[in-house]
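Raw target28.tsv, TSV, N, CA and C atoms:
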chain	number	residue	atom	x	y	z
D	1	MET	N	22.99	-32.92	-27.03
D	1	MET	CA	23.81	-32.86	-28.21
D	1	MET	C	24.99	-33.79	-28.02
D	2	GLU	N	25.31	-34.49	-29.04
D	2	GLU	CA	26.45	-35.37	-29.02
D	2	GLU	C	27.66	-34.64	-29.58
D	3	ILE	N	28.79	-34.89	-28.96
D	3	ILE	CA	30.04	-34.30	-29.43
D	3	ILE	C	30.68	-35.30	-30.37
D	4	GLU	N	30.66	-34.99	-31.67
D	4	GLU	CA	31.16	-35.93	-32.66
D	4	GLU	C	32.46	-35.49	-33.31
D	5	GLY	N	32.66	-34.19	-33.49
D	5	GLY	CA	33.79	-33.70	-34.26
D	5	GLY	C	35.07	-33.53	-33.46
D	6	LEU	N	35.09	-33.96	-32.21
D	6	LEU	CA	36.27	-33.78	-31.38
D	6	LEU	C	37.12	-35.03	-31.36
D	7	SER	N	38.43	-34.84	-31.35
D	7	SER	CA	39.35	-35.97	-31.26
D	7	SER	C	39.39	-36.46	-29.81
D	8	GLU	N	40.06	-37.57	-29.57
D	8	GLU	CA	40.19	-38.10	-28.22
D	8	GLU	C	40.93	-37.12	-27.32
D	9	PHE	N	41.94	-36.45	-27.88
D	9	PHE	CA	42.70	-35.46	-27.12
D	9	PHE	C	41.80	-34.31	-26.69
D	10	GLN	N	40.96	-33.86	-27.60
D	10	GLN	CA	40.05	-32.77	-27.27
D	10	GLN	C	39.00	-33.20	-26.25
D	11	ARG	N	38.56	-34.43	-26.33
D	11	ARG	CA	37.60	-34.94	-25.33
D	11	ARG	C	38.24	-34.96	-23.95
D	12	ASP	N	39.51	-35.40	-23.89
D	12	ASP	CA	40.22	-35.41	-22.62
D	12	ASP	C	40.40	-33.99	-22.10
D	13	LEU	N	40.73	-33.06	-23.00
D	13	LEU	CA	40.86	-31.65	-22.60
D	13	LEU	C	39.55	-31.11	-22.06
D	14	LEU	N	38.46	-31.49	-22.69
D	14	LEU	CA	37.14	-31.04	-22.23
D	14	LEU	C	36.85	-31.55	-20.82
D	15	ASP	N	37.19	-32.80	-20.55
D	15	ASP	CA	37.00	-33.35	-19.21
D	15	ASP	C	37.83	-32.59	-18.18
D	16	VAL	N	39.09	-32.29	-18.54
D	16	VAL	CA	39.96	-31.54	-17.63
D	16	VAL	C	39.41	-30.13	-17.42
D	17	ALA	N	38.95	-29.50	-18.50
D	17	ALA	CA	38.42	-28.14	-18.40
D	17	ALA	C	37.17	-28.11	-17.52
D	18	GLN	N	36.33	-29.13	-17.62
D	18	GLN	CA	35.12	-29.17	-16.80
D	18	GLN	C	35.46	-29.29	-15.33
D	19	ARG	N	36.54	-29.99	-15.02
D	19	ARG	CA	36.93	-30.14	-13.61
D	19	ARG	C	37.68	-28.92	-13.09
D	20	ARG	N	38.59	-28.37	-13.90
D	20	ARG	CA	39.45	-27.29	-13.41
D	20	ARG	C	38.85	-25.90	-13.61
D	21	LEU	N	38.04	-25.72	-14.65
D	21	LEU	CA	37.48	-24.41	-14.97
D	21	LEU	C	35.96	-24.49	-15.15
D	22	PRO	N	35.23	-24.79	-14.10
D	22	PRO	CA	33.78	-24.97	-14.26
D	22	PRO	C	33.08	-23.69	-14.70
D	23	ARG	N	33.53	-22.53	-14.24
D	23	ARG	CA	32.88	-21.28	-14.64
D	23	ARG	C	33.07	-21.01	-16.13
D	24	GLU	N	34.26	-21.28	-16.63
D	24	GLU	CA	34.52	-21.08	-18.06
D	24	GLU	C	33.70	-22.06	-18.90
D	25	THR	N	33.54	-23.28	-18.39
D	25	THR	CA	32.75	-24.28	-19.11
D	25	THR	C	31.29	-23.84	-19.18
D	26	TYR	N	30.77	-23.33	-18.09
D	26	TYR	CA	29.39	-22.84	-18.07
D	26	TYR	C	29.24	-21.65	-19.03
D	27	LYS	N	30.27	-20.82	-19.08
D	27	LYS	CA	30.23	-19.64	-19.94
D	27	LYS	C	30.16	-20.03	-21.42
D	28	ILE	N	30.97	-21.01	-21.84
D	28	ILE	CA	30.95	-21.43	-23.25
D	28	ILE	C	29.63	-22.14	-23.57
D	29	MET	N	29.07	-22.86	-22.60
D	29	MET	CA	27.79	-23.53	-22.84
D	29	MET	C	26.66	-22.50	-22.99
D	30	ARG	N	26.74	-21.38	-22.28
D	30	ARG	CA	25.75	-20.31	-22.46
D	30	ARG	C	25.86	-19.74	-23.88
D	31	LYS	N	27.08	-19.56	-24.37
D	31	LYS	CA	27.27	-19.05	-25.72
D	31	LYS	C	26.72	-20.03	-26.76
D	32	ILE	N	27.01	-21.30	-26.56
D	32	ILE	CA	26.52	-22.33	-27.49
D	32	ILE	C	25.00	-22.38	-27.43
D	33	GLY	N	24.42	-22.30	-26.24
D	33	GLY	CA	22.96	-22.29	-26.10
D	33	GLY	C	22.32	-21.11	-26.78
D	34	SER	N	22.96	-19.95	-26.70
D	34	SER	CA	22.42	-18.76	-27.36
D	34	SER	C	22.46	-18.91	-28.87
D	35	LYS	N	23.53	-19.51	-29.38
D	35	LYS	CA	23.64	-19.75	-30.82
D	35	LYS	C	22.57	-20.76	-31.26
D	36	ALA	N	22.34	-21.79	-30.45
D	36	ALA	CA	21.31	-22.78	-30.77
D	36	ALA	C	19.93	-22.13	-30.75
D	37	ARG	N	19.66	-21.26	-29.78
D	37	ARG	CA	18.38	-20.57	-29.70
D	37	ARG	C	18.13	-19.75	-30.96
D	38	THR	N	19.17	-19.07	-31.44
D	38	THR	CA	19.05	-18.26	-32.64
D	38	THR	C	18.70	-19.11	-33.84
D	39	GLN	N	19.38	-20.25	-33.99
D	39	GLN	CA	19.11	-21.10	-35.14
D	39	GLN	C	17.75	-21.78	-35.06
D	40	VAL	N	17.33	-22.17	-33.87
D	40	VAL	CA	16.00	-22.79	-33.72
D	40	VAL	C	14.91	-21.77	-34.01
D	41	ALA	N	15.08	-20.54	-33.53
D	41	ALA	CA	14.08	-19.49	-33.79
D	41	ALA	C	14.01	-19.18	-35.28
D	42	LYS	N	15.14	-19.18	-35.95
D	42	LYS	CA	15.16	-18.94	-37.39
D	42	LYS	C	14.41	-20.05	-38.14
D	43	HIS	N	14.65	-21.29	-37.70
D	43	HIS	CA	13.95	-22.42	-38.30
D	43	HIS	C	12.44	-22.31	-38.04
D	44	ALA	N	12.06	-21.87	-36.86
D	44	ALA	CA	10.64	-21.72	-36.51
D	44	ALA	C	9.97	-20.67	-37.37
D	45	ARG	N	10.67	-19.57	-37.64
D	45	ARG	CA	10.08	-18.52	-38.48
D	45	ARG	C	9.85	-19.02	-39.91
D	46	SER	N	10.68	-19.93	-40.39
D	46	SER	CA	10.47	-20.46	-41.74
D	46	SER	C	9.38	-21.53	-41.75
D	47	LYS	N	9.19	-22.22	-40.64
D	47	LYS	CA	8.24	-23.32	-40.58
D	47	LYS	C	6.83	-22.88	-40.16
D	48	VAL	N	6.73	-21.94	-39.22
D	48	VAL	CA	5.45	-21.47	-38.70
D	48	VAL	C	5.22	-20.08	-39.26
D	49	LYS	N	4.30	-19.96	-40.18
D	49	LYS	CA	4.11	-18.70	-40.91
D	49	LYS	C	3.21	-17.70	-40.19
D	50	LYS	N	2.40	-18.13	-39.24
D	50	LYS	CA	1.45	-17.24	-38.60
D	50	LYS	C	2.16	-16.21	-37.74
D	51	ASP	N	1.82	-14.93	-37.92
D	51	ASP	CA	2.48	-13.86	-37.20
D	51	ASP	C	1.74	-13.44	-35.93
D	52	SER	N	0.51	-13.88	-35.76
D	52	SER	CA	-0.23	-13.45	-34.57
D	52	SER	C	0.32	-14.18	-33.34
D	53	GLY	N	0.17	-13.58	-32.20
D	53	GLY	CA	0.69	-14.17	-30.98
D	53	GLY	C	2.16	-13.85	-30.79
D	54	ASN	N	2.72	-14.40	-29.75
D	54	ASN	CA	4.11	-14.11	-29.42
D	54	ASN	C	4.99	-15.34	-29.54
D	55	TYR	N	4.59	-16.30	-30.34
D	55	TYR	CA	5.34	-17.55	-30.45
D	55	TYR	C	6.79	-17.31	-30.86
D	56	HIS	N	7.01	-16.49	-31.86
D	56	HIS	CA	8.36	-16.28	-32.39
D	56	HIS	C	9.23	-15.48	-31.43
D	57	LYS	N	8.63	-14.71	-30.54
D	57	LYS	CA	9.39	-13.90	-29.60
D	57	LYS	C	9.78	-14.66	-28.33
D	58	LYS	N	9.23	-15.83	-28.11
D	58	LYS	CA	9.36	-16.53	-26.84
D	58	LYS	C	10.43	-17.62	-26.81
D	59	PHE	N	11.30	-17.71	-27.79
D	59	PHE	CA	12.38	-18.67	-27.73
D	59	PHE	C	13.43	-18.17	-26.76
D	60	LYS	N	13.84	-19.04	-25.84
D	60	LYS	CA	14.78	-18.65	-24.80
D	60	LYS	C	15.83	-19.74	-24.58
D	61	ARG	N	16.99	-19.28	-24.11
D	61	ARG	CA	18.03	-20.21	-23.69
D	61	ARG	C	17.85	-20.40	-22.20
D	62	GLY	N	17.80	-21.64	-21.77
D	62	GLY	CA	17.63	-21.93	-20.35
D	62	GLY	C	18.95	-21.80	-19.60
D	63	ARG	N	18.91	-22.11	-18.33
D	63	ARG	CA	20.12	-22.06	-17.51
D	63	ARG	C	21.01	-23.25	-17.81
D	64	VAL	N	22.29	-23.07	-17.58
D	64	VAL	CA	23.25	-24.15	-17.73
D	64	VAL	C	23.28	-24.91	-16.40
D	65	PHE	N	23.21	-26.25	-16.47
D	65	PHE	CA	23.21	-27.05	-15.26
D	65	PHE	C	23.81	-28.41	-15.55
D	66	LYS	N	24.09	-29.14	-14.48
D	66	LYS	CA	24.57	-30.52	-14.61
D	66	LYS	C	23.37	-31.45	-14.48
D	67	ASP	N	23.26	-32.39	-15.41
D	67	ASP	CA	22.15	-33.33	-15.34
D	67	ASP	C	22.50	-34.49	-14.40
D	68	ALA	N	21.64	-35.48	-14.35
D	68	ALA	CA	21.83	-36.61	-13.44
D	68	ALA	C	23.08	-37.42	-13.77
D	69	GLU	N	23.51	-37.38	-15.03
D	69	GLU	CA	24.70	-38.13	-15.44
D	69	GLU	C	25.99	-37.34	-15.26
D	70	GLY	N	25.88	-36.09	-14.81
D	70	GLY	CA	27.05	-35.26	-14.60
D	70	GLY	C	27.47	-34.45	-15.81
D	71	GLN	N	26.70	-34.49	-16.88
D	71	GLN	CA	26.99	-33.72	-18.08
D	71	GLN	C	26.48	-32.30	-17.92
D	72	ILE	N	27.22	-31.35	-18.48
D	72	ILE	CA	26.77	-29.96	-18.44
D	72	ILE	C	25.82	-29.74	-19.60
D	73	VAL	N	24.62	-29.22	-19.29
D	73	VAL	CA	23.53	-29.14	-20.25
D	73	VAL	C	22.97	-27.73	-20.29
D	74	VAL	N	22.53	-27.31	-21.46
D	74	VAL	CA	21.79	-26.07	-21.62
D	74	VAL	C	20.58	-26.38	-22.49
D	75	ARG	N	19.44	-25.81	-22.16
D	75	ARG	CA	18.21	-26.09	-22.90
D	75	ARG	C	17.82	-24.88	-23.74
D	76	VAL	N	17.12	-25.16	-24.82
D	76	VAL	CA	16.47	-24.13	-25.62
D	76	VAL	C	14.98	-24.41	-25.49
D	77	ILE	N	14.21	-23.39	-25.05
D	77	ILE	CA	12.78	-23.59	-24.81
D	77	ILE	C	11.98	-22.50	-25.51
D	78	ASN	N	10.69	-22.76	-25.64
D	78	ASN	CA	9.76	-21.74	-26.08
D	78	ASN	C	8.76	-21.57	-24.96
D	79	SER	N	8.70	-20.37	-24.39
D	79	SER	CA	7.86	-20.13	-23.22
D	79	SER	C	6.46	-19.62	-23.58
D	80	ALA	N	6.12	-19.63	-24.85
D	80	ALA	CA	4.78	-19.20	-25.24
D	80	ALA	C	3.76	-20.21	-24.71
D	81	PRO	N	2.62	-19.73	-24.23
D	81	PRO	CA	1.61	-20.64	-23.68
D	81	PRO	C	1.10	-21.65	-24.70
D	82	HIS	N	1.14	-21.32	-25.97
D	82	HIS	CA	0.65	-22.23	-27.00
D	82	HIS	C	1.79	-22.92	-27.76
D	83	GLY	N	3.02	-22.80	-27.26
D	83	GLY	CA	4.17	-23.39	-27.95
D	83	GLY	C	4.06	-24.90	-28.07
D	84	HIS	N	3.58	-25.56	-27.01
D	84	HIS	CA	3.45	-27.02	-27.06
D	84	HIS	C	2.42	-27.46	-28.09
D	85	LEU	N	1.41	-26.64	-28.35
D	85	LEU	CA	0.39	-27.00	-29.34
D	85	LEU	C	0.99	-26.98	-30.75
D	86	ILE	N	1.83	-26.01	-31.02
D	86	ILE	CA	2.49	-25.95	-32.33
D	86	ILE	C	3.50	-27.09	-32.46
D	87	GLU	N	4.19	-27.40	-31.38
D	87	GLU	CA	5.23	-28.44	-31.41
D	87	GLU	C	4.63	-29.84	-31.59
D	88	TYR	N	3.62	-30.17	-30.81
D	88	TYR	CA	3.11	-31.55	-30.78
D	88	TYR	C	1.78	-31.75	-31.46
D	89	GLY	N	1.07	-30.68	-31.81
D	89	GLY	CA	-0.23	-30.81	-32.45
D	89	GLY	C	-1.36	-30.65	-31.46
D	90	HIS	N	-2.58	-30.48	-31.99
D	90	HIS	CA	-3.73	-30.29	-31.11
D	90	HIS	C	-5.01	-30.59	-31.88
D	91	ARG	N	-6.09	-30.81	-31.10
D	91	ARG	CA	-7.40	-31.03	-31.69
D	91	ARG	C	-8.02	-29.69	-32.04
D	92	GLN	N	-8.80	-29.65	-33.10
D	92	GLN	CA	-9.59	-28.46	-33.42
D	92	GLN	C	-11.01	-28.74	-32.93
D	93	VAL	N	-11.49	-27.84	-32.07
D	93	VAL	CA	-12.79	-28.04	-31.44
D	93	VAL	C	-13.63	-26.77	-31.65
D	94	THR	N	-14.91	-26.96	-31.94
D	94	THR	CA	-15.82	-25.82	-32.07
D	94	THR	C	-16.16	-25.30	-30.68
D	95	LYS	N	-16.83	-24.18	-30.62
D	95	LYS	CA	-17.17	-23.58	-29.33
D	95	LYS	C	-18.12	-24.45	-28.51
D	96	ASP	N	-18.92	-25.26	-29.19
D	96	ASP	CA	-19.84	-26.12	-28.44
D	96	ASP	C	-19.22	-27.48	-28.09
D	97	GLY	N	-17.92	-27.69	-28.38
D	97	GLY	CA	-17.21	-28.88	-27.93
D	97	GLY	C	-17.09	-30.01	-28.93
D	98	HIS	N	-17.55	-29.85	-30.15
D	98	HIS	CA	-17.43	-30.90	-31.15
D	98	HIS	C	-16.07	-30.82	-31.84
D	99	GLU	N	-15.44	-31.97	-31.93
D	99	GLU	CA	-14.13	-32.01	-32.58
D	99	GLU	C	-14.33	-32.03	-34.09
D	100	ILE	N	-13.60	-31.14	-34.78
D	100	ILE	CA	-13.75	-31.06	-36.23
D	100	ILE	C	-12.47	-31.44	-36.96
D	101	GLY	N	-11.41	-31.74	-36.21
D	101	GLY	CA	-10.17	-32.13	-36.87
D	101	GLY	C	-8.99	-32.14	-35.92
D	102	PHE	N	-7.86	-32.44	-36.48
D	102	PHE	CA	-6.61	-32.47	-35.72
D	102	PHE	C	-5.54	-31.74	-36.52
D	103	VAL	N	-4.83	-30.86	-35.86
D	103	VAL	CA	-3.72	-30.15	-36.50
D	103	VAL	C	-2.44	-30.86	-36.07
D	104	PRO	N	-1.69	-31.47	-36.98
D	104	PRO	CA	-0.47	-32.18	-36.59
D	104	PRO	C	0.61	-31.21	-36.13
D	105	GLY	N	1.49	-31.71	-35.26
D	105	GLY	CA	2.58	-30.90	-34.74
D	105	GLY	C	3.63	-30.63	-35.81
D	106	LYS	N	4.31	-29.51	-35.67
D	106	LYS	CA	5.33	-29.13	-36.64
D	106	LYS	C	6.73	-29.55	-36.21
D	107	LYS	N	6.92	-29.98	-34.97
D	107	LYS	CA	8.21	-30.45	-34.44
D	107	LYS	C	9.33	-29.45	-34.69
D	108	VAL	N	9.06	-28.19	-34.42
D	108	VAL	CA	9.99	-27.10	-34.69
D	108	VAL	C	11.27	-27.24	-33.86
D	109	MET	N	11.13	-27.49	-32.57
D	109	MET	CA	12.30	-27.59	-31.70
D	109	MET	C	13.17	-28.78	-32.08
D	110	GLU	N	12.53	-29.90	-32.29
D	110	GLU	CA	13.26	-31.13	-32.62
D	110	GLU	C	14.06	-30.96	-33.92
D	111	GLN	N	13.41	-30.44	-34.95
D	111	GLN	CA	14.08	-30.26	-36.23
D	111	GLN	C	15.13	-29.15	-36.17
D	112	GLY	N	14.82	-28.08	-35.46
D	112	GLY	CA	15.77	-26.98	-35.32
D	112	GLY	C	17.04	-27.40	-34.60
D	113	MET	N	16.89	-28.18	-33.53
D	113	MET	CA	18.07	-28.67	-32.81
D	113	MET	C	18.82	-29.69	-33.66
D	114	GLY	N	18.10	-30.48	-34.44
D	114	GLY	CA	18.77	-31.41	-35.36
D	114	GLY	C	19.62	-30.66	-36.38
D	115	GLN	N	19.09	-29.57	-36.90
D	115	GLN	CA	19.85	-28.76	-37.84
D	115	GLN	C	21.08	-28.15	-37.17
D	116	PHE	N	20.93	-27.69	-35.94
D	116	PHE	CA	22.05	-27.10	-35.21
D	116	PHE	C	23.14	-28.13	-34.97
D	117	GLU	N	22.75	-29.33	-34.57
D	117	GLU	CA	23.73	-30.39	-34.32
D	117	GLU	C	24.44	-30.81	-35.60
D	118	SER	N	23.70	-30.91	-36.70
D	118	SER	CA	24.32	-31.36	-37.95
D	118	SER	C	25.15	-30.26	-38.62
D	119	SER	N	24.95	-29.00	-38.23
D	119	SER	CA	25.72	-27.92	-38.85
D	119	SER	C	27.16	-27.91	-38.38
D	120	GLY	N	27.46	-28.54	-37.26
D	120	GLY	CA	28.83	-28.58	-36.75
D	120	GLY	C	29.22	-27.34	-35.97
D	121	THR	N	28.30	-26.43	-35.75
D	121	THR	CA	28.59	-25.20	-35.01
D	121	THR	C	29.01	-25.51	-33.58
D	122	PHE	N	28.33	-26.46	-32.97
D	122	PHE	CA	28.63	-26.85	-31.59
D	122	PHE	C	30.06	-27.35	-31.47
D	123	ASP	N	30.43	-28.27	-32.33
D	123	ASP	CA	31.78	-28.83	-32.30
D	123	ASP	C	32.84	-27.77	-32.60
D	124	ASN	N	32.56	-26.90	-33.56
D	124	ASN	CA	33.52	-25.84	-33.91
D	124	ASN	C	33.72	-24.87	-32.76
D	125	MET	N	32.63	-24.45	-32.12
D	125	MET	CA	32.75	-23.51	-31.00
D	125	MET	C	33.52	-24.15	-29.84
D	126	LEU	N	33.24	-25.42	-29.58
D	126	LEU	CA	33.90	-26.11	-28.48
D	126	LEU	C	35.39	-26.31	-28.76
D	127	SER	N	35.74	-26.72	-29.98
D	127	SER	CA	37.15	-26.93	-30.29
D	127	SER	C	37.92	-25.61	-30.32
D	128	THR	N	37.30	-24.53	-30.78
D	128	THR	CA	37.94	-23.20	-30.76
D	128	THR	C	38.20	-22.77	-29.32
D	129	TRP	N	37.23	-22.99	-28.45
D	129	TRP	CA	37.38	-22.65	-27.04
D	129	TRP	C	38.51	-23.45	-26.40
D	130	LEU	N	38.58	-24.75	-26.69
D	130	LEU	CA	39.66	-25.58	-26.13
D	130	LEU	C	41.02	-25.11	-26.63
D	131	ASP	N	41.11	-24.73	-27.91
D	131	ASP	CA	42.37	-24.22	-28.45
D	131	ASP	C	42.78	-22.93	-27.75
D	132	GLU	N	41.82	-22.06	-27.49
D	132	GLU	CA	42.11	-20.80	-26.79
D	132	GLU	C	42.60	-21.08	-25.36
D	133	LEU	N	42.00	-22.07	-24.69
D	133	LEU	CA	42.45	-22.41	-23.34
D	133	LEU	C	43.87	-22.94	-23.35
D	134	LEU	N	44.20	-23.75	-24.37
D	134	LEU	CA	45.56	-24.27	-24.47
D	134	LEU	C	46.56	-23.15	-24.74
D	135	ASP	N	46.20	-22.24	-25.64
D	135	ASP	CA	47.08	-21.14	-25.99
D	135	ASP	C	47.32	-20.20	-24.81
D	136	SER	N	46.28	-19.98	-24.00
D	136	SER	CA	46.41	-19.07	-22.88
D	136	SER	C	47.15	-19.69	-21.70
D	137	GLY	N	47.28	-21.01	-21.71
D	137	GLY	CA	47.98	-21.70	-20.63
D	137	GLY	C	47.12	-21.99	-19.42
D	138	ASP	N	45.82	-21.88	-19.54
D	138	ASP	CA	44.92	-22.14	-18.42
D	138	ASP	C	44.78	-23.63	-18.13
D	139	LEU	N	45.06	-24.47	-19.11
D	139	LEU	CA	44.96	-25.93	-18.87
D	139	LEU	C	46.31	-26.54	-18.69
Write out the structure in this file as structure tokens.
Amino acid sequence: MEIEGLSEFQRDLLDVAQRRLPRETYKIMRKIGSKARTQVAKHARSKVKKDSGNYHKKFKRGRVFKDAEGQIVVRVINSAPHGHLIEYGHRQVTKDGHEIGFVPGKKVMEQGMGQFESSGTFDNMLSTWLDELLDSGDL
């Protein structure tokens, strides 16, 4: 996710917070990841109508970690065994192995995360957290 709604001052505060308060930074990223998981799952329920299986129950927020570039990252995943088939598409094959068609992917995760990023929830939660840190005197 790109941070777009923050001013230069807030970006500098975020850098300072990541260095001085790593546990608090991980904590806010877990909250943001949980909110993203909720919105992606909601988008999936509107896009994928089939109720059989556990696809809708398997949306999860991953662990917060630092990536190779040093950015703090949280993932939203679907751990259902057939989640990748819904996301990217699959061939339809009869029991004797003949292909009868292709089901295109619905790109649920990609579109759901796009909606979350464009909603501004990420930027709002981050700026509110930075304001609270300033008010409390932790920075």
Name the residues of stretch 5-137 of chain D that fall into strand (DSSP E or B) according to DSSP on the backbone, using the chain letters and numbers of this document, as a PDB file with N, CA and C atoms, in the coordinates of the input.
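Result file is result00.pdb:
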ATOM      1  N   PHE D  59      11.300 -17.710 -27.790  1.00  0.00           N
ATOM      2  CA  PHE D  59      12.380 -18.670 -27.730  1.00  0.00           C
ATOM      3  C   PHE D  59      13.430 -18.170 -26.760  1.00  0.00           C
ATOM      4  N   LYS D  60      13.840 -19.040 -25.840  1.00  0.00           N
ATOM      5  CA  LYS D  60      14.780 -18.650 -24.800  1.00  0.00           C
ATOM      6  C   LYS D  60      15.830 -19.740 -24.580  1.00  0.00           C
ATOM      7  N   ARG D  61      16.990 -19.280 -24.110  1.00  0.00           N
ATOM      8  CA  ARG D  61      18.030 -20.210 -23.690  1.00  0.00           C
ATOM      9  C   ARG D  61      17.850 -20.400 -22.200  1.00  0.00           C
ATOM     10  N   GLY D  62      17.800 -21.640 -21.770  1.00  0.00           N
ATOM     11  CA  GLY D  62      17.630 -21.930 -20.350  1.00  0.00           C
ATOM     12  C   GLY D  62      18.950 -21.800 -19.600  1.00  0.00           C
ATOM     13  N   ARG D  63      18.910 -22.110 -18.330  1.00  0.00           N
ATOM     14  CA  ARG D  63      20.120 -22.060 -17.510  1.00  0.00           C
ATOM     15  C   ARG D  63      21.010 -23.250 -17.810  1.00  0.00           C
ATOM     16  N   VAL D  64      22.290 -23.070 -17.580  1.00  0.00           N
ATOM     17  CA  VAL D  64      23.250 -24.150 -17.730  1.00  0.00           C
ATOM     18  C   VAL D  64      23.280 -24.910 -16.400  1.00  0.00           C
ATOM     19  N   PHE D  65      23.210 -26.250 -16.470  1.00  0.00           N
ATOM     20  CA  PHE D  65      23.210 -27.050 -15.260  1.00  0.00           C
ATOM     21  C   PHE D  65      23.810 -28.410 -15.550  1.00  0.00           C
ATOM     22  N   LYS D  66      24.090 -29.140 -14.480  1.00  0.00           N
ATOM     23  CA  LYS D  66      24.570 -30.520 -14.610  1.00  0.00           C
ATOM     24  C   LYS D  66      23.370 -31.450 -14.480  1.00  0.00           C
ATOM     25  N   ILE D  72      27.220 -31.350 -18.480  1.00  0.00           N
ATOM     26  CA  ILE D  72      26.770 -29.960 -18.440  1.00  0.00           C
ATOM     27  C   ILE D  72      25.820 -29.740 -19.600  1.00  0.00           C
ATOM     28  N   VAL D  73      24.620 -29.220 -19.290  1.00  0.00           N
ATOM     29  CA  VAL D  73      23.530 -29.140 -20.250  1.00  0.00           C
ATOM     30  C   VAL D  73      22.970 -27.730 -20.290  1.00  0.00           C
ATOM     31  N   VAL D  74      22.530 -27.310 -21.460  1.00  0.00           N
ATOM     32  CA  VAL D  74      21.790 -26.070 -21.620  1.00  0.00           C
ATOM     33  C   VAL D  74      20.580 -26.380 -22.490  1.00  0.00           C
ATOM     34  N   ARG D  75      19.440 -25.810 -22.160  1.00  0.00           N
ATOM     35  CA  ARG D  75      18.210 -26.090 -22.900  1.00  0.00           C
ATOM     36  C   ARG D  75      17.820 -24.880 -23.740  1.00  0.00           C
ATOM     37  N   VAL D  76      17.120 -25.160 -24.820  1.00  0.00           N
ATOM     38  CA  VAL D  76      16.470 -24.130 -25.620  1.00  0.00           C
ATOM     39  C   VAL D  76      14.980 -24.410 -25.490  1.00  0.00           C
ATOM     40  N   ILE D  77      14.210 -23.390 -25.050  1.00  0.00           N
ATOM     41  CA  ILE D  77      12.780 -23.590 -24.810  1.00  0.00           C
ATOM     42  C   ILE D  77      11.980 -22.500 -25.510  1.00  0.00           C
ATOM     43  N   ASN D  78      10.690 -22.760 -25.640  1.00  0.00           N
ATOM     44  CA  ASN D  78       9.760 -21.740 -26.080  1.00  0.00           C
ATOM     45  C   ASN D  78       8.760 -21.570 -24.960  1.00  0.00           C
ATOM     46  N   GLY D  89       1.070 -30.680 -31.810  1.00  0.00           N
ATOM     47  CA  GLY D  89      -0.230 -30.810 -32.450  1.00  0.00           C
ATOM     48  C   GLY D  89      -1.360 -30.650 -31.460  1.00  0.00           C
ATOM     49  N   HIS D  90      -2.580 -30.480 -31.990  1.00  0.00           N
ATOM     50  CA  HIS D  90      -3.730 -30.290 -31.110  1.00  0.00           C
ATOM     51  C   HIS D  90      -5.010 -30.590 -31.880  1.00  0.00           C
ATOM     52  N   ARG D  91      -6.090 -30.810 -31.100  1.00  0.00           N
ATOM     53  CA  ARG D  91      -7.400 -31.030 -31.690  1.00  0.00           C
ATOM     54  C   ARG D  91      -8.020 -29.690 -32.040  1.00  0.00           C
ATOM     55  N   GLN D  92      -8.800 -29.650 -33.100  1.00  0.00           N
ATOM     56  CA  GLN D  92      -9.590 -28.460 -33.420  1.00  0.00           C
ATOM     57  C   GLN D  92     -11.010 -28.740 -32.930  1.00  0.00           C
ATOM     58  N   VAL D  93     -11.490 -27.840 -32.070  1.00  0.00           N
ATOM     59  CA  VAL D  93     -12.790 -28.040 -31.440  1.00  0.00           C
ATOM     60  C   VAL D  93     -13.630 -26.770 -31.650  1.00  0.00           C
ATOM     61  N   GLU D  99     -15.440 -31.970 -31.930  1.00  0.00           N
ATOM     62  CA  GLU D  99     -14.130 -32.010 -32.580  1.00  0.00           C
ATOM     63  C   GLU D  99     -14.330 -32.030 -34.090  1.00  0.00           C
ATOM     64  N   ILE D 100     -13.600 -31.140 -34.780  1.00  0.00           N
ATOM     65  CA  ILE D 100     -13.750 -31.060 -36.230  1.00  0.00           C
ATOM     66  C   ILE D 100     -12.470 -31.440 -36.960  1.00  0.00           C
ATOM     67  N   GLY D 101     -11.410 -31.740 -36.210  1.00  0.00           N
ATOM     68  CA  GLY D 101     -10.170 -32.130 -36.870  1.00  0.00           C
ATOM     69  C   GLY D 101      -8.990 -32.140 -35.920  1.00  0.00           C
ATOM     70  N   PHE D 102      -7.860 -32.440 -36.480  1.00  0.00           N
ATOM     71  CA  PHE D 102      -6.610 -32.470 -35.720  1.00  0.00           C
ATOM     72  C   PHE D 102      -5.540 -31.740 -36.520  1.00  0.00           C
ATOM     73  N   VAL D 103      -4.830 -30.860 -35.860  1.00  0.00           N
ATOM     74  CA  VAL D 103      -3.720 -30.150 -36.500  1.00  0.00           C
ATOM     75  C   VAL D 103      -2.440 -30.860 -36.070  1.00  0.00           C
ATOM     76  N   PRO D 104      -1.690 -31.470 -36.980  1.00  0.00           N
ATOM     77  CA  PRO D 104      -0.470 -32.180 -36.590  1.00  0.00           C
ATOM     78  C   PRO D 104       0.610 -31.210 -36.130  1.00  0.00           C
TER      79      PRO D 104
END
*Residue neighbourhood stretch 83-88 of chain D, 6 Å, all atoms listed in the file, exclusion window fewer than 6 positions, as a VMD selection string*: chain D and resid 104 to 108
*Near stretch 111-122 of chain D, counting only N, CA and C atoms, which residues have an atom at most 7 Å away, once you skip same-chain residues fewer than 5 positions from it, shown as a ChimeraX atom specification?*
/D:1-2,32,36,39-41,43-44,106,127
*How many Å lie between atom N of D:Gly97 and atom CA of D:Tyr55, rounded to one decimal?*
25.5 Å
*Report the residues of chain D whose backbone DSSP state falls under alpha helix (DSSP H), written as a VMD selection string.*
chain D and resid 8 to 20 22 to 47 83 to 88 108 to 119 121 to 136
Using only C-alpha atoms, find each residue in stretch 21-137 of chain D having at least one atom no more than 10 Å away from stretch 13-16 of chain D; report its shortest atom-to-atom pair and that distance in Å (one decimal), rows by chain then rising number, as CSV.
residue,atom,partner,partner_atom,distance
D:Leu21,CA,D:Val16,CA,8.0
D:Pro22,CA,D:Val16,CA,9.6
D:Thr25,CA,D:Leu14,CA,8.6
D:Leu126,CA,D:Leu14,CA,8.6
D:Ser127,CA,D:Leu14,CA,9.0
D:Trp129,CA,D:Leu14,CA,9.7
D:Leu130,CA,D:Leu13,CA,7.1
D:Asp131,CA,D:Leu13,CA,9.6
D:Leu133,CA,D:Leu13,CA,9.4
D:Leu134,CA,D:Leu13,CA,8.9
